[in-house]
Every structure is written in structure tokens, then in C-alpha cells.
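Printed here is structure20.cif (mmCIF, C-alpha atoms):
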```
data_work
loop_
_atom_site.label_atom_id
_atom_site.label_comp_id
_atom_site.auth_asym_id
_atom_site.auth_seq_id
_atom_site.Cartn_x
_atom_site.Cartn_y
_atom_site.Cartn_z
CA MET A 170 136.00 36.67 67.45
CA LEU A 171 139.17 35.92 69.39
CA LYS A 172 140.04 32.23 69.18
CA ASN A 173 141.93 32.04 72.47
CA SER A 174 140.07 34.46 74.67
CA GLU A 175 139.16 34.95 78.29
CA SER A 176 136.07 37.03 79.05
CA ASN A 177 135.05 38.68 82.28
CA PHE A 178 133.63 41.85 83.80
CA TYR A 179 135.43 44.87 85.21
CA ARG A 180 133.67 46.67 88.04
CA THR A 181 133.98 50.46 87.74
CA PRO A 182 134.25 52.82 90.73
CA ASP A 183 130.57 53.69 90.24
CA PHE A 184 129.65 49.97 90.32
CA GLU A 185 128.92 49.34 86.66
CA GLN A 186 129.99 46.02 85.14
CA LEU A 187 131.93 46.34 81.88
CA PHE A 188 132.35 43.29 79.69
CA PHE A 189 135.74 42.59 78.12
CA SER A 190 137.61 39.83 76.30
CA LYS A 191 141.36 39.36 76.02
CA ASN A 192 143.66 36.75 74.53
CA PHE A 193 146.27 36.82 77.29
CA THR A 194 146.33 35.75 80.93
CA GLU A 195 148.95 38.15 82.28
CA VAL A 196 150.35 41.06 80.31
CA ASP A 197 153.72 40.49 78.68
CA HIS A 198 155.20 43.98 78.64
CA THR A 199 157.70 43.01 75.95
CA ARG A 200 154.91 42.47 73.37
CA PRO A 201 152.40 44.98 71.97
CA VAL A 202 148.95 45.32 73.48
CA LEU A 203 146.18 46.40 71.10
CA VAL A 204 142.99 47.97 72.49
CA PHE A 205 140.09 48.22 70.01
CA ASN A 206 137.38 50.89 70.20
CA TYR A 207 134.34 50.71 67.90
CA GLY A 208 132.10 53.41 66.49
CA LEU A 209 128.69 54.94 67.12
CA VAL A 210 126.14 52.19 67.94
CA CYS A 211 128.57 49.71 66.39
CA SER A 212 130.27 46.69 67.94
CA ASN A 213 133.49 44.70 67.77
CA HIS A 214 131.98 43.05 64.69
CA HIS A 215 133.52 45.97 62.77
CA TRP A 216 136.96 44.70 63.85
CA ARG A 217 136.43 41.04 62.91
CA TYR A 218 139.13 40.99 60.21
CA GLN A 219 141.65 42.81 62.40
CA LEU A 220 141.11 40.67 65.48
CA SER A 221 141.83 37.38 63.72
CA TYR A 222 144.83 38.83 61.87
CA PHE A 223 146.56 40.36 64.86
CA GLU A 224 145.85 37.39 67.09
CA GLU A 225 147.60 35.18 64.55
CA LYS A 226 150.49 37.65 64.63
CA GLY A 227 150.83 36.95 68.36
CA HIS A 228 149.73 40.36 69.61
CA GLN A 229 147.96 40.80 72.94
CA ILE A 230 144.42 42.04 72.29
CA LEU A 231 141.77 43.66 74.45
CA ILE A 232 138.21 44.29 73.27
CA HIS A 233 135.45 45.69 75.44
CA ASP A 234 131.85 46.87 75.44
CA TYR A 235 131.36 50.49 76.45
CA ARG A 236 129.03 51.15 79.37
CA GLY A 237 125.42 50.88 78.28
CA HIS A 238 126.41 48.67 75.33
CA PHE A 239 125.58 44.98 74.85
CA ARG A 240 126.86 42.90 77.78
CA SER A 241 128.03 45.87 79.86
CA SER A 242 125.71 47.51 82.37
CA GLY A 243 124.90 51.21 82.45
CA SER A 244 121.97 51.49 80.05
CA HIS A 245 119.81 52.64 82.97
CA ASP A 246 121.80 55.90 83.14
CA VAL A 247 122.31 57.02 79.55
CA ALA A 248 123.45 60.49 80.63
CA LYS A 249 126.65 58.94 82.02
CA ILE A 250 127.59 57.40 78.66
CA THR A 251 130.02 60.19 77.76
CA PHE A 252 133.41 60.25 76.06
CA THR A 253 135.05 61.33 79.30
CA GLN A 254 133.43 58.46 81.20
CA ILE A 255 134.23 55.88 78.52
CA ALA A 256 137.86 57.07 78.49
CA GLN A 257 138.01 56.73 82.27
CA ASP A 258 136.39 53.29 82.09
CA THR A 259 138.91 52.15 79.51
CA ALA A 260 141.88 53.47 81.48
CA GLY A 261 140.51 51.81 84.61
CA LEU A 262 140.10 48.51 82.77
CA CYS A 263 143.67 48.70 81.49
CA SER A 264 144.96 49.39 85.00
CA TYR A 265 142.90 46.48 86.35
CA LEU A 266 144.49 44.14 83.80
CA GLY A 267 148.02 45.46 84.39
CA ILE A 268 148.32 47.17 81.00
CA LYS A 269 150.79 50.05 81.30
CA LYS A 270 151.07 50.92 77.59
CA ALA A 271 148.91 50.07 74.61
CA HIS A 272 148.24 50.84 70.98
CA PHE A 273 144.70 52.23 70.75
CA LEU A 274 142.69 51.57 67.60
CA GLY A 275 139.51 53.51 66.91
CA HIS A 276 136.99 53.51 64.08
CA SER A 277 134.59 56.43 63.47
CA MET A 278 133.37 57.45 66.95
CA GLY A 279 136.11 55.18 68.32
CA VAL A 280 138.54 57.84 67.07
CA ASN A 281 136.91 60.30 69.47
CA ILE A 282 137.35 57.77 72.27
CA CYS A 283 141.04 57.27 71.44
CA LEU A 284 141.64 61.02 71.36
CA GLN A 285 139.88 61.43 74.71
CA ILE A 286 142.06 58.70 76.22
CA ALA A 287 145.19 60.35 74.81
CA LYS A 288 144.09 63.67 76.32
CA GLU A 289 143.27 62.33 79.79
CA THR A 290 145.80 59.49 80.23
CA PRO A 291 148.65 60.14 77.76
CA GLU A 292 151.00 57.89 79.72
CA LEU A 293 148.87 54.89 78.68
CA VAL A 294 149.12 55.47 74.93
CA SER A 295 151.96 54.01 72.86
CA SER A 296 150.30 54.98 69.60
CA MET A 297 146.91 55.58 67.99
CA ILE A 298 145.44 54.06 64.83
CA LEU A 299 142.56 56.35 63.84
CA ILE A 300 140.20 55.15 61.09
CA SER A 301 137.47 57.26 59.44
CA GLY A 302 137.09 59.70 62.30
CA THR A 303 137.05 63.42 62.92
CA PHE A 304 137.63 65.93 65.72
CA MET A 305 134.96 68.28 64.35
CA PRO A 306 131.30 68.45 65.52
CA VAL A 307 129.77 65.61 63.55
CA LYS A 308 126.41 67.24 62.89
CA ASP A 309 128.19 70.02 60.98
CA ILE A 310 130.14 67.75 58.64
CA MET A 311 128.39 64.37 58.37
CA PHE A 312 127.86 63.49 54.68
CA ASP A 313 129.81 66.72 53.95
CA THR A 314 126.75 68.87 54.70
CA ASN A 315 125.04 70.38 57.74
CA LEU A 316 121.94 68.31 56.99
CA MET A 317 122.08 66.76 60.44
CA ASP A 318 121.50 70.20 61.96
CA PHE A 319 117.97 69.95 60.59
CA VAL A 320 117.39 66.18 60.79
CA THR A 321 118.51 65.68 64.40
CA PRO A 322 115.91 67.97 66.05
CA VAL A 323 113.16 66.31 64.01
CA LEU A 324 114.27 62.85 65.12
CA GLU A 325 114.58 63.96 68.74
CA THR A 326 111.07 65.42 68.66
CA PHE A 327 109.74 62.20 67.16
CA LYS A 328 111.54 60.22 69.88
CA SER A 329 110.02 62.31 72.67
CA LYS A 330 106.49 62.13 71.24
CA TYR A 331 106.46 58.57 69.90
CA PRO A 332 109.15 56.63 71.77
CA GLU A 333 107.58 53.20 71.30
CA ILE A 334 107.11 53.67 67.56
CA LEU A 335 110.71 54.80 67.13
CA LYS A 336 111.95 51.89 69.22
CA LYS A 337 110.01 49.42 67.08
CA ILE A 338 111.37 50.93 63.86
CA TRP A 339 114.88 50.99 65.32
CA THR A 340 114.94 47.38 66.49
CA SER A 341 113.56 46.04 63.20
CA SER A 342 116.12 47.79 60.98
CA GLY A 343 118.13 44.60 60.53
CA VAL A 344 115.29 42.91 58.68
CA ASN A 345 114.17 45.95 56.69
CA PRO A 346 115.50 45.60 53.12
CA LEU A 347 115.20 49.34 52.44
CA VAL A 348 117.29 50.26 55.48
CA LYS A 349 119.84 47.56 54.68
CA GLY A 350 120.13 48.83 51.11
CA ILE A 351 120.62 52.45 52.16
CA ILE A 352 123.27 51.60 54.76
CA HIS A 353 125.06 49.27 52.35
CA ALA A 354 125.17 51.94 49.63
CA THR A 355 126.11 54.96 51.76
CA GLY A 356 128.45 53.55 54.41
CA PHE A 357 130.26 50.67 52.72
CA ASN A 358 131.87 49.57 49.47
CA LYS A 359 129.06 47.40 48.09
CA ASN A 360 131.47 45.39 45.97
CA LYS A 361 133.58 44.42 48.95
CA VAL A 362 131.19 44.09 51.92
CA SER A 363 128.53 41.38 52.08
CA LYS A 364 124.85 41.90 52.84
CA GLU A 365 125.31 39.50 55.76
CA PHE A 366 127.82 41.88 57.35
CA ILE A 367 125.29 44.73 57.05
CA GLU A 368 122.50 42.65 58.58
CA ILE A 369 124.65 41.69 61.58
CA TYR A 370 125.62 45.35 62.01
CA LEU A 371 122.01 46.58 61.92
CA ASN A 372 120.82 43.85 64.29
CA ARG A 373 123.37 45.02 66.83
CA VAL A 374 122.36 48.64 66.27
CA GLY A 375 118.83 47.51 67.11
CA GLN A 376 120.01 45.99 70.38
CA LEU A 377 121.30 49.32 71.64
CA GLY A 378 118.26 51.46 70.94
CA PRO A 379 117.86 55.11 69.96
CA ASP A 380 118.63 56.61 73.39
CA VAL A 381 122.27 55.49 73.25
CA PHE A 382 122.57 56.77 69.68
CA PHE A 383 121.27 60.25 70.50
CA GLN A 384 123.40 60.48 73.63
CA LEU A 385 126.63 59.61 71.83
CA PHE A 386 125.76 61.63 68.74
CA THR A 387 125.48 64.62 71.08
CA GLU A 388 128.89 63.71 72.53
CA MET A 389 130.36 63.69 69.02
CA THR A 390 128.89 67.14 68.49
CA LYS A 391 130.15 68.77 71.66
CA GLN A 392 133.54 67.11 72.25
CA ASN A 393 136.13 69.86 72.68
CA ILE A 394 139.37 68.18 71.67
CA VAL A 395 140.95 70.31 68.95
CA SER A 396 143.01 72.45 71.35
CA SER A 397 144.58 69.29 72.77
CA LEU A 398 145.64 67.66 69.50
CA ASP A 399 149.01 69.39 69.23
CA ARG A 400 149.94 68.03 72.67
CA MET A 401 149.25 64.40 71.70
CA ASN A 402 152.90 63.69 71.02
CA VAL A 403 152.53 59.98 70.24
CA PRO A 404 152.75 58.25 66.86
CA ALA A 405 149.40 58.25 65.07
CA LEU A 406 148.30 56.48 61.92
CA VAL A 407 145.30 58.13 60.29
CA ILE A 408 143.45 55.87 57.85
CA GLY A 409 140.61 56.85 55.56
CA GLY A 410 138.75 55.95 52.39
CA HIS A 411 138.47 58.33 49.45
CA ASN A 412 134.82 57.28 49.07
CA ASP A 413 133.82 57.84 52.69
CA ASN A 414 130.35 59.37 52.43
CA VAL A 415 129.82 59.57 56.19
CA ILE A 416 132.98 61.34 57.43
CA PRO A 417 134.52 62.72 54.22
CA ASN A 418 138.17 62.02 53.59
CA HIS A 419 139.33 65.64 53.82
CA LEU A 420 138.38 65.59 57.51
CA GLN A 421 140.78 62.73 58.19
CA ARG A 422 143.47 64.71 56.38
CA SER A 423 142.73 67.67 58.65
CA LEU A 424 143.09 65.45 61.71
CA ALA A 425 146.43 64.12 60.48
CA GLY A 426 147.62 67.68 59.91
CA LEU A 427 146.95 68.66 63.53
CA LEU A 428 148.58 65.68 65.24
CA PRO A 429 152.34 66.24 65.71
CA ARG A 430 153.49 62.73 64.76
CA ALA A 431 150.83 61.55 62.33
CA GLU A 432 151.21 59.33 59.29
CA SER A 433 148.43 58.86 56.76
CA TYR A 434 147.11 55.99 54.68
CA TYR A 435 144.17 56.46 52.33
CA LEU A 436 142.47 53.82 50.22
CA TYR A 437 141.25 54.98 46.84
CA ALA A 438 138.03 52.89 46.81
CA GLY A 439 137.65 52.75 50.58
CA SER A 440 134.37 53.69 52.23
CA HIS A 441 133.63 54.74 55.80
CA VAL A 442 134.76 51.25 56.84
CA PRO A 443 138.04 50.68 54.95
CA GLN A 444 139.13 48.01 57.45
CA VAL A 445 136.18 45.93 56.22
CA ASP A 446 136.45 46.89 52.53
CA TYR A 447 140.16 46.07 52.25
CA PRO A 448 141.21 44.20 55.40
CA GLU A 449 144.42 42.77 53.94
CA LEU A 450 145.80 46.18 52.95
CA VAL A 451 144.70 47.89 56.16
CA ASN A 452 146.01 45.09 58.37
CA GLU A 453 149.42 45.11 56.69
CA ARG A 454 149.70 48.89 57.07
CA ILE A 455 148.69 48.80 60.73
CA ASP A 456 151.08 45.90 61.37
CA LEU A 457 153.98 47.86 59.86
CA PHE A 458 153.08 50.92 61.93
CA ILE A 459 152.88 48.95 65.19
CA SER A 460 156.17 47.18 64.52
CA GLN A 461 157.83 50.57 63.97
CA HIS A 462 156.45 52.05 67.19
CA SER A 463 156.73 49.19 69.67
CA THR A 464 159.47 49.18 72.27
#
```

Write the structure described by the file as C-alpha cells, please.
Amino acid sequence: MLKNSESNFYRTPDFEQLFFSKNFTEVDHTRPVLVFNYGLVCSNHHWRYQLSYFEEKGHQILIHDYRGHFRSSGSHDVAKITFTQIAQDTAGLCSYLGIKKAHFLGHSMGVNICLQIAKETPELVSSMILISGTFMPVKDIMFDTNLMDFVTPVLETFKSKYPEILKKIWTSSGVNPLVKGIIHATGFNKNKVSKEFIEIYLNRVGQLGPDVFFQLFTEMTKQNIVSSLDRMNVPALVIGGHNDNVIPNHLQRSLAGLLPRAESYYLYAGSHVPQVDYPELVNERIDLFISQHST
């Protein structure tokens, strides 16, 4: 996704190997560094339109796979895939690469990661760009109902009793037309996002498996971050779509209201993935924000 990239692995203090790619050799501290953080069982595919745009703008870019995701190790110990651990991994990776300050971009669950980083290592954060996320327990508000309170225990019971069946269903979702249709209709603007994009997304979801999903869904439910928001005194750009069916737009407005230096940008026909629905508009707004908050 990055045209001029170097890829390697960062070894964590607990000996996991985390995959990363960057488009710089040594950090130039006079130019912005952008660190991208994707959502729940997502991938950097969700940032494809931002990565190409900001690379052409000459920004320094870092993308990475969380522990237990894709090319990174750690899937053997799912219990350690926590927001606190991912935040520590990301801060450690930045230190390893000589990054002293960065703009952190997060989508959906990536917003939780950015907030955790801002809480634990505020000195590292120049600004945050927070897209379609929330600080609230996700099972209480997803799809603007508490439906997940009832669905999650059923799915967890099914997983414990029939793990192989669930795994087979999970890994084949990318070729299931019913699943593709539901995801396309509920999570995206169907008029703006191609079926190919959805298929790639679901194929990568299938690579991760249900254990990672349930672990991180639990993290999204129990993260205790609200009392720290008023101390995150860095510029923040909160972006959302009015037609977000997954994390409804009023939750992004609530987040913006609790961050001391937040700006907001909402797209009228945007879905849960406005950076994919309307990449030109979102990219231009992020670019303006970064230019205003880079030293």
C-alpha cells in the first residue's frame, strides 16, 4: 500500500515479533509522522486511500500489525492482546524507530487504541484523528441498541461448544454472498464502496479467526478511558458519518465534547467507514488539520 516502503519486525520485551512498514529510513523530526491504527478484526486495507494520499504529500508514515494479527506473532496468547498491551507495543515500536512525536490516526477500535496511547504515553502524541469510534462500552451501544448484550453470550457459547464449526463459518465469510451483502449494507455506503473492497475485508477477517474478535470485543466493552479524556490536552479531530449504523454518530459527538481540544467533521452520507466512502473529502480535512498542528 505504501509505494516506497521498508518492512521489518520489531521485537517486543516479551519476545513477540511485530510487523511494520514505513516509508522513511531515518525519522526527519521537521516533518509530520503519521501512525495508522485499524479497527476490530480489520487491517490497513481500511486505510488504503489515506496511505497513498499522504505518502504523495511527503508525510512520514508508519503502519503496523497488532500482536496476534496477520504477520505479527502473538496469536498463541490471545489473552495478551489487550488495549494496554497494544498501546505499549506501539509506543515501543515508535521508540525503536526514533519517533518522538506523531499524529495518531484511528478508525473504529483504532480510536480506542489511540486514546489508550494518549493516556499512557501522552508525550508521544502530537494529535489524534479519531474516525467512527467511541469511548463507551461497545456492547451497550453498537447499532444504537443493547442487542449485543444478548447476542454475544450466545456466540461465545456456540464458540465453546462448536469451535471448529464456528471457525469454518468465520473463515469462509469472504466468499459467502449473504454475509458480504449484510456487511456491505450495514457498515458501508453501498453507492460508494465496491463489493471487491468488502470481499478483501472479509477475507482478512477470516484470517484472524473468532478468538481475536471476542478478545478485542471484550476489550472494547471494558476499557475504562472516560475519566482520562479531559486530560488528553492534544488537538483531536473527530470524524464521523451521519449514516453510521455500527457506532452511531451521536457517540462521536459525545467523544468530541469530552476532549478538551477537539474539532469535528461529519459527512452527511458517510457510513461507519467515511474514509472509504469519501476519501477525497476526508483526506483534505485531515491534511488541513495536520498542517495546522505540526511544529

Residues in the PyMOL selection byres ((chain A and resi 432) around 12), expressed as an mmCIF file with C-alpha atoms, in the coordinates of the input:
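Produced file part-v6.cif, reproduced below:
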```cif
data_model
loop_
_atom_site.group_PDB
_atom_site.id
_atom_site.type_symbol
_atom_site.label_atom_id
_atom_site.label_comp_id
_atom_site.auth_asym_id
_atom_site.auth_seq_id
_atom_site.Cartn_x
_atom_site.Cartn_y
_atom_site.Cartn_z
ATOM 1 C CA SER A 296 150.300 54.980 69.600
ATOM 2 C CA MET A 297 146.910 55.580 67.990
ATOM 3 C CA ILE A 298 145.440 54.060 64.830
ATOM 4 C CA LEU A 299 142.560 56.350 63.840
ATOM 5 C CA ILE A 300 140.200 55.150 61.090
ATOM 6 C CA VAL A 403 152.530 59.980 70.240
ATOM 7 C CA PRO A 404 152.750 58.250 66.860
ATOM 8 C CA ALA A 405 149.400 58.250 65.070
ATOM 9 C CA LEU A 406 148.300 56.480 61.920
ATOM 10 C CA VAL A 407 145.300 58.130 60.290
ATOM 11 C CA ILE A 408 143.450 55.870 57.850
ATOM 12 C CA GLY A 409 140.610 56.850 55.560
ATOM 13 C CA GLN A 421 140.780 62.730 58.190
ATOM 14 C CA ARG A 422 143.470 64.710 56.380
ATOM 15 C CA SER A 423 142.730 67.670 58.650
ATOM 16 C CA LEU A 424 143.090 65.450 61.710
ATOM 17 C CA ALA A 425 146.430 64.120 60.480
ATOM 18 C CA GLY A 426 147.620 67.680 59.910
ATOM 19 C CA LEU A 427 146.950 68.660 63.530
ATOM 20 C CA LEU A 428 148.580 65.680 65.240
ATOM 21 C CA PRO A 429 152.340 66.240 65.710
ATOM 22 C CA ARG A 430 153.490 62.730 64.760
ATOM 23 C CA ALA A 431 150.830 61.550 62.330
ATOM 24 C CA SER A 433 148.430 58.860 56.760
ATOM 25 C CA TYR A 434 147.110 55.990 54.680
ATOM 26 C CA TYR A 435 144.170 56.460 52.330
ATOM 27 C CA ARG A 454 149.700 48.890 57.070
ATOM 28 C CA ILE A 455 148.690 48.800 60.730
ATOM 29 C CA LEU A 457 153.980 47.860 59.860
ATOM 30 C CA PHE A 458 153.080 50.920 61.930
ATOM 31 C CA GLN A 461 157.830 50.570 63.970
ATOM 32 C CA HIS A 462 156.450 52.050 67.190
#
```

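Here the question is which of A:Val362, A:Leu187, A:Val415, A:Cys211 gets nearest to Arg240 in chain A using all atoms listed in the file, and that residue is A:Leu187.
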
- Task: Could you tell me which of A:Ser295, A:Asn418, A:Gln376, A:Asn452 comes closest to Ala438 in chain A if we count all atoms listed in the file?
- Result: A:Asn418

For this file, the PyMOL selection byres ((chain A and resi 192-209) around 8) selects which residues, as a compact mmCIF listing (two decimals) with C-alpha atoms, keeping the file's coordinate frame?
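Writing the result to expr-v5.txt gives the following:
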```txt
# COMPACT_ATOMS: atom_id res chain seq x y z
CA LEU A 171 139.17 35.92 69.39
CA LYS A 172 140.04 32.23 69.18
CA ASN A 173 141.93 32.04 72.47
CA SER A 174 140.07 34.46 74.67
CA GLU A 175 139.16 34.95 78.29
CA SER A 190 137.61 39.83 76.30
CA LYS A 191 141.36 39.36 76.02
CA VAL A 210 126.14 52.19 67.94
CA CYS A 211 128.57 49.71 66.39
CA SER A 212 130.27 46.69 67.94
CA ASN A 213 133.49 44.70 67.77
CA HIS A 215 133.52 45.97 62.77
CA TRP A 216 136.96 44.70 63.85
CA GLU A 224 145.85 37.39 67.09
CA HIS A 228 149.73 40.36 69.61
CA GLN A 229 147.96 40.80 72.94
CA ILE A 230 144.42 42.04 72.29
CA LEU A 231 141.77 43.66 74.45
CA ILE A 232 138.21 44.29 73.27
CA HIS A 233 135.45 45.69 75.44
CA LEU A 266 144.49 44.14 83.80
CA GLY A 267 148.02 45.46 84.39
CA ILE A 268 148.32 47.17 81.00
CA LYS A 269 150.79 50.05 81.30
CA LYS A 270 151.07 50.92 77.59
CA ALA A 271 148.91 50.07 74.61
CA HIS A 272 148.24 50.84 70.98
CA PHE A 273 144.70 52.23 70.75
CA LEU A 274 142.69 51.57 67.60
CA GLY A 275 139.51 53.51 66.91
CA HIS A 276 136.99 53.51 64.08
CA SER A 277 134.59 56.43 63.47
CA MET A 278 133.37 57.45 66.95
CA GLY A 279 136.11 55.18 68.32
CA VAL A 280 138.54 57.84 67.07
CA ILE A 282 137.35 57.77 72.27
CA CYS A 283 141.04 57.27 71.44
CA PHE A 382 122.57 56.77 69.68
CA LEU A 385 126.63 59.61 71.83
CA PHE A 386 125.76 61.63 68.74
CA ILE A 459 152.88 48.95 65.19
CA SER A 463 156.73 49.19 69.67
CA THR A 464 159.47 49.18 72.27
```

- Kindly indicate which residue among A:Gln392, A:Ile255, A:Pro379, A:Phe189 lies nearest to Phe304 in chain A, using only C-alpha atoms for the distances.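 Result for the nearest residue to Phe304 in chain A: A:Gln392.
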
- Message: Taking 3 positions as the minimum chain separation for residues in the same chain, which residues sit within 7 Å of Gly439 in chain A when counting all atoms listed in the file? Answer as an NGL selection string.
- Response: :A and (358 or 410-413 or 436 or 443 or 446)

- Task: Rank A:Tyr218, A:Tyr265, A:Tyr447, A:Phe239 by their smallest atom-to-atom distance to Lys359 in chain A, using all atoms listed in the file, and report the top residue only.
- Result: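 Closest candidate: A:Tyr447.
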
- Task: Work out how far apart CA of Phe178 in chain A and CA of Ser241 in chain A are and give it in Å to one decimal.
- Result: 7.9 Å

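Rounded to one decimal, CA of Asp380 in chain A and CA of Phe184 in chain A lie 21.3 Å from each other.
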
- Task: Provide the CA of Lys288 in chain A to CA of Thr251 in chain A distance in Å, to one decimal place.
- Result: 14.6 Å

- Pick the closest to Arg217 in chain A from A:Ile286, A:Met401, A:Leu293, A:Met170: which is it, counting all atoms listed in the file? A:Met170

- Task: Would you mind listing what lies within 10 Å of Gln257 in chain A as a PyMOL selection string, with only C-alpha atoms counted and same-chain residues fewer than 6 positions away left out?
- Result: chain A and resi 181+251+263+285-286+289-290
